[in-house]
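So the structure is just underneath, and the comments pick up after that.
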Amino acid sequence: MSSFSLPHLLIGVLLPTLLFAKETPLCTEKCECTYNDDSEKIKVACAKNVQALLPNNSTWFDPDTNRSYAFSEIELTNQNFIELNFTFPNCEITHLNLADNDIYSIKDNVFQNLQNMRVLILSSNDLESLSTDVFKGQYLEGRFDPLKSLIELRLDHNKLHTLNKDIFEHIDDLEILDLSYNPLKVIDLHTTMAIDSLASLKELYLRYTQITTLPEYILNTPKYLYLLDLSGNPISVIPPTLSDSHNLNTLYLNDTAFVNLTKKNGFPQISTIKTLHLSNLANLERIEDEALCGLTGLEELHISDNIKLNYLSQNSLGLRNETNGGRTWPQIRKLYLQNNKLSYLKSDFIARWDSLTDLDVRDNPWTCECENDWMVQELMRYYSKIDPYAAAEVKCGAPIEMVSYTLFELYEKHYKMRCLDIYGAQPDKDAALLIGVLAGILLAIPIILFVIFAFQRRWFGVFTSCDNSPAAYSRRFYSATKEDDF
């Protein structure tokens, strides 16, 4: 009886769920619906055109109960809206994704009924401008018609050149703003005022917006901002306004325009930054003294995939004490230096190698000679504990006779690396050769002198046979007269 009742019990529980999901107008062959048993919410993803259904109340409300369907997340892509001109009904949507819809314009008040919406994605459309009432919500005492729950707005991959200074007045609780891949070129005064109005902003993405710097005071108001992404922009000088940030924790400067990062174009004093990304910089060649020394709280450093980076100063992180001339280093815990063109790395680049929890120095042409001997004797000992697989892949790039070795192999063999001189010679091997050559020369000199003397005295007939002088020719026919012949 029990074996029979269990399947029936499961059917009794699941069947209403499946029927409920199928009965909603959006849950047809055009949309994929996922029903959450725990929260009784429905996630809807529509990749086919359902524009005709959206303005109808029956799409959102159950006609039998006149209550809204329990939609929590709606994804409407490839709808080719052009103009978003209908108002979403009052429902419980928390995530609305309208990416890839060719939206050129959005009518005012479109989202005003979505008071539970926390995430709005308008990525990859054709938006060139937005009016101040696009994000207008409903009346709320003490607030200016807010969309009270919205905390994340994605506007990336559009055609925005500027923002209205009051664009965020109805969503001033915004915590995440993504403006990446818009042709801003310059963050003008209105855009600056718009961003600066977001006092609760925590994450700001400005990737590939063609900007060369940040305007003054743009980071003054968002005192909770902890992540800033400026990757993919032609930035060649660290924006001084970064020092205006209050709690900036993570900074991305990947794929920027730095060639040499120096103290002059490097970081101002920012003690709050703990994570820095400086990767995929196609033109970066050198990081000089004190270029990064303003980041006194740095814990995680990514300098990877920079195909021209060949110099990393041992003092790039060290902050010099003007009083006693000493230096202090940040307490780096995670260091990533893989896939650069680094040949040498000084042992005092960071304060404590034994404090690292993550490390990657692979895919660099390390020169296996005495200046890098500490990497074999010390670094490999720590590296093998942190990540033995990565440690085993750190290879010698020079000199030629060492390229078949890894640094870990040398560590296991207790190999002591030799020194090269400024011309790349190998004195330890060359010394024996030079001594041999000198000894050979010293031995050859008396032998040569003896041969010359013997030749002149004609001690050996072989030398006479080789003499083609007139005197030698006459001597072949005449010999000296004996005394008895007189």
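Just so we're on the same page: first chain in the structure tokens is A, next is B, and so on; residues restart at 1 for each chain, and ligands are numbered from 1 in the order they show up.
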
What are the DSSP helix (DSSP H, G or I) residues of segment 171-310 of chain A, as a ChimeraX atom specification? /A:189-196,240-244

Determine, counting only C-alpha atoms, which protein, DNA and RNA residues have an atom within 9 Å of an atom of Glu288 of chain A; residues of the same chain fewer than 2 positions away are not included. Present the result as a PyMOL selection string. chain A and resi 260-263+286+290-292+311-316

List the spatial neighbours of segment 294-303 of chain A as a PyMOL selection string - criterion: any atom at most 6 Å away, only C-alpha atoms, same-chain residues fewer than 5 positions off excluded. chain A and resi 267-279+330-337

To one decimal place in Å, what is the distance between atom CA of Leu225 of chain A and atom CA of Ser243 of chain A? 12.5 Å

So, with only C-alpha atoms as the atoms that count, which of A:Thr132, A:Ser304, A:Ser72, A:Gln112 lies closest to Thr94 of chain A?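 Looking only at the distances to Thr94 of chain A, the closest residue turns out to be A:Ser72.
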
Leaving out segment 364-379 of chain A and any residue of its chain fewer than 4 positions from it, which residues lie within 10 Å of it when counting only C-alpha atoms, given as an MDAnalysis selection string? chainID A and resid 305 307 309:310 337:347 353:354 383:384 391 394:403 405:420 426

Output the selection as a short mmCIF file (atom, residue, chain, number, x, y, z; two decimals), in the first residue's frame - C-alpha atoms for each residue.
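As written to disk, out_7.cif reads:
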data_model
loop_
_atom_site.label_atom_id
_atom_site.label_comp_id
_atom_site.auth_asym_id
_atom_site.auth_seq_id
_atom_site.Cartn_x
_atom_site.Cartn_y
_atom_site.Cartn_z
CA ASP A 305 48.94 38.90 -19.64
CA ILE A 307 52.82 40.91 -23.52
CA LEU A 309 56.02 44.01 -19.61
CA ASN A 310 59.71 43.26 -19.01
CA LEU A 337 52.26 37.80 -12.44
CA GLN A 338 51.63 35.15 -15.08
CA ASN A 339 52.17 35.53 -18.83
CA ASN A 340 54.34 38.64 -18.99
CA LYS A 341 57.86 39.13 -20.37
CA LEU A 342 59.58 39.28 -16.99
CA SER A 343 63.10 37.89 -16.79
CA TYR A 344 64.02 39.03 -13.30
CA LEU A 345 62.14 39.48 -10.04
CA LYS A 346 63.71 40.93 -6.91
CA SER A 347 63.13 39.20 -3.61
CA TRP A 353 56.58 35.82 0.32
CA ASP A 354 55.75 33.34 3.04
CA TYR A 383 55.30 28.23 -3.96
CA SER A 384 55.25 24.44 -3.69
CA ALA A 391 55.11 25.80 -9.06
CA VAL A 394 57.65 27.78 -13.84
CA LYS A 395 60.28 27.41 -16.57
CA CYS A 396 63.70 28.85 -17.32
CA GLY A 397 63.72 31.11 -20.37
CA ALA A 398 67.49 31.73 -20.51
CA PRO A 399 70.36 30.98 -20.95
CA ILE A 400 69.87 28.53 -23.78
CA GLU A 401 71.31 25.52 -21.95
CA MET A 402 68.80 25.98 -19.11
CA VAL A 403 65.53 26.28 -21.07
CA TYR A 405 64.58 23.04 -16.80
CA THR A 406 61.89 24.26 -14.45
CA LEU A 407 62.73 26.25 -11.35
CA PHE A 408 61.18 23.56 -9.21
CA GLU A 409 63.50 20.93 -10.70
CA LEU A 410 66.47 23.13 -9.82
CA TYR A 411 65.07 23.57 -6.31
CA GLU A 412 64.79 19.82 -5.82
CA LYS A 413 68.39 19.37 -7.04
CA HIS A 414 69.67 22.13 -4.72
CA TYR A 415 71.12 23.76 -7.83
CA LYS A 416 73.16 26.92 -7.30
CA MET A 417 72.68 29.22 -10.27
CA ARG A 418 75.74 30.78 -11.92
CA CYS A 419 76.13 34.45 -12.82
CA LEU A 420 76.17 36.05 -16.24
CA GLN A 426 79.39 32.77 -18.21
#

Exercise: Asp133 of chain A partners within 8 Å, only C-alpha atoms, chain neighbours under 5 positions left out, as a PyMOL selection string: chain A and resi 108-109+167+170

Write the residues you've just listed into a file as a compact mmCIF listing (two decimals), in the first residue's frame, and include N, CA, C and O atoms for each of them.
# COMPACT_ATOMS: atom_id res chain seq x y z
N ASP A 108 7.97 57.40 -20.77
CA ASP A 108 7.95 57.70 -19.33
C ASP A 108 7.00 56.76 -18.60
O ASP A 108 5.98 56.32 -19.15
N ASN A 109 7.35 56.47 -17.36
CA ASN A 109 6.48 55.71 -16.44
C ASN A 109 6.29 54.25 -16.83
O ASN A 109 5.39 53.59 -16.31
N ILE A 167 18.62 62.05 -14.04
CA ILE A 167 18.14 60.75 -14.52
C ILE A 167 17.89 59.77 -13.38
O ILE A 167 17.02 58.89 -13.46
N HIS A 170 14.67 59.33 -9.27
CA HIS A 170 13.63 58.41 -8.78
C HIS A 170 14.22 57.08 -8.30
O HIS A 170 13.50 56.25 -7.74

Would you mind listing what lies within 12 Å of Ser58 of chain A as a ChimeraX atom specification, with only C-alpha atoms counted and same-chain residues fewer than 3 positions away left out? /A:23-26,52-55,61-69,89

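If you look at atom CA of Leu227 of chain A and atom CA of Tyr252 of chain A, they are 8.2 Å away from each other.
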
Those in segment 178-399 of chain A with strand (DSSP E) from DSSP, as a ChimeraX atom specification: /A:178,203-205,227-229,250-252,260-261,275-277,286-287,300-302,311-312,319-320,327-328,334-336,358-360,366-367,396-398

For Asn78 of chain A, which residue out of A:Asn220, A:Asn90, A:Asn49, A:Asn36 is the nearest one, using only C-alpha atoms? A:Asn49
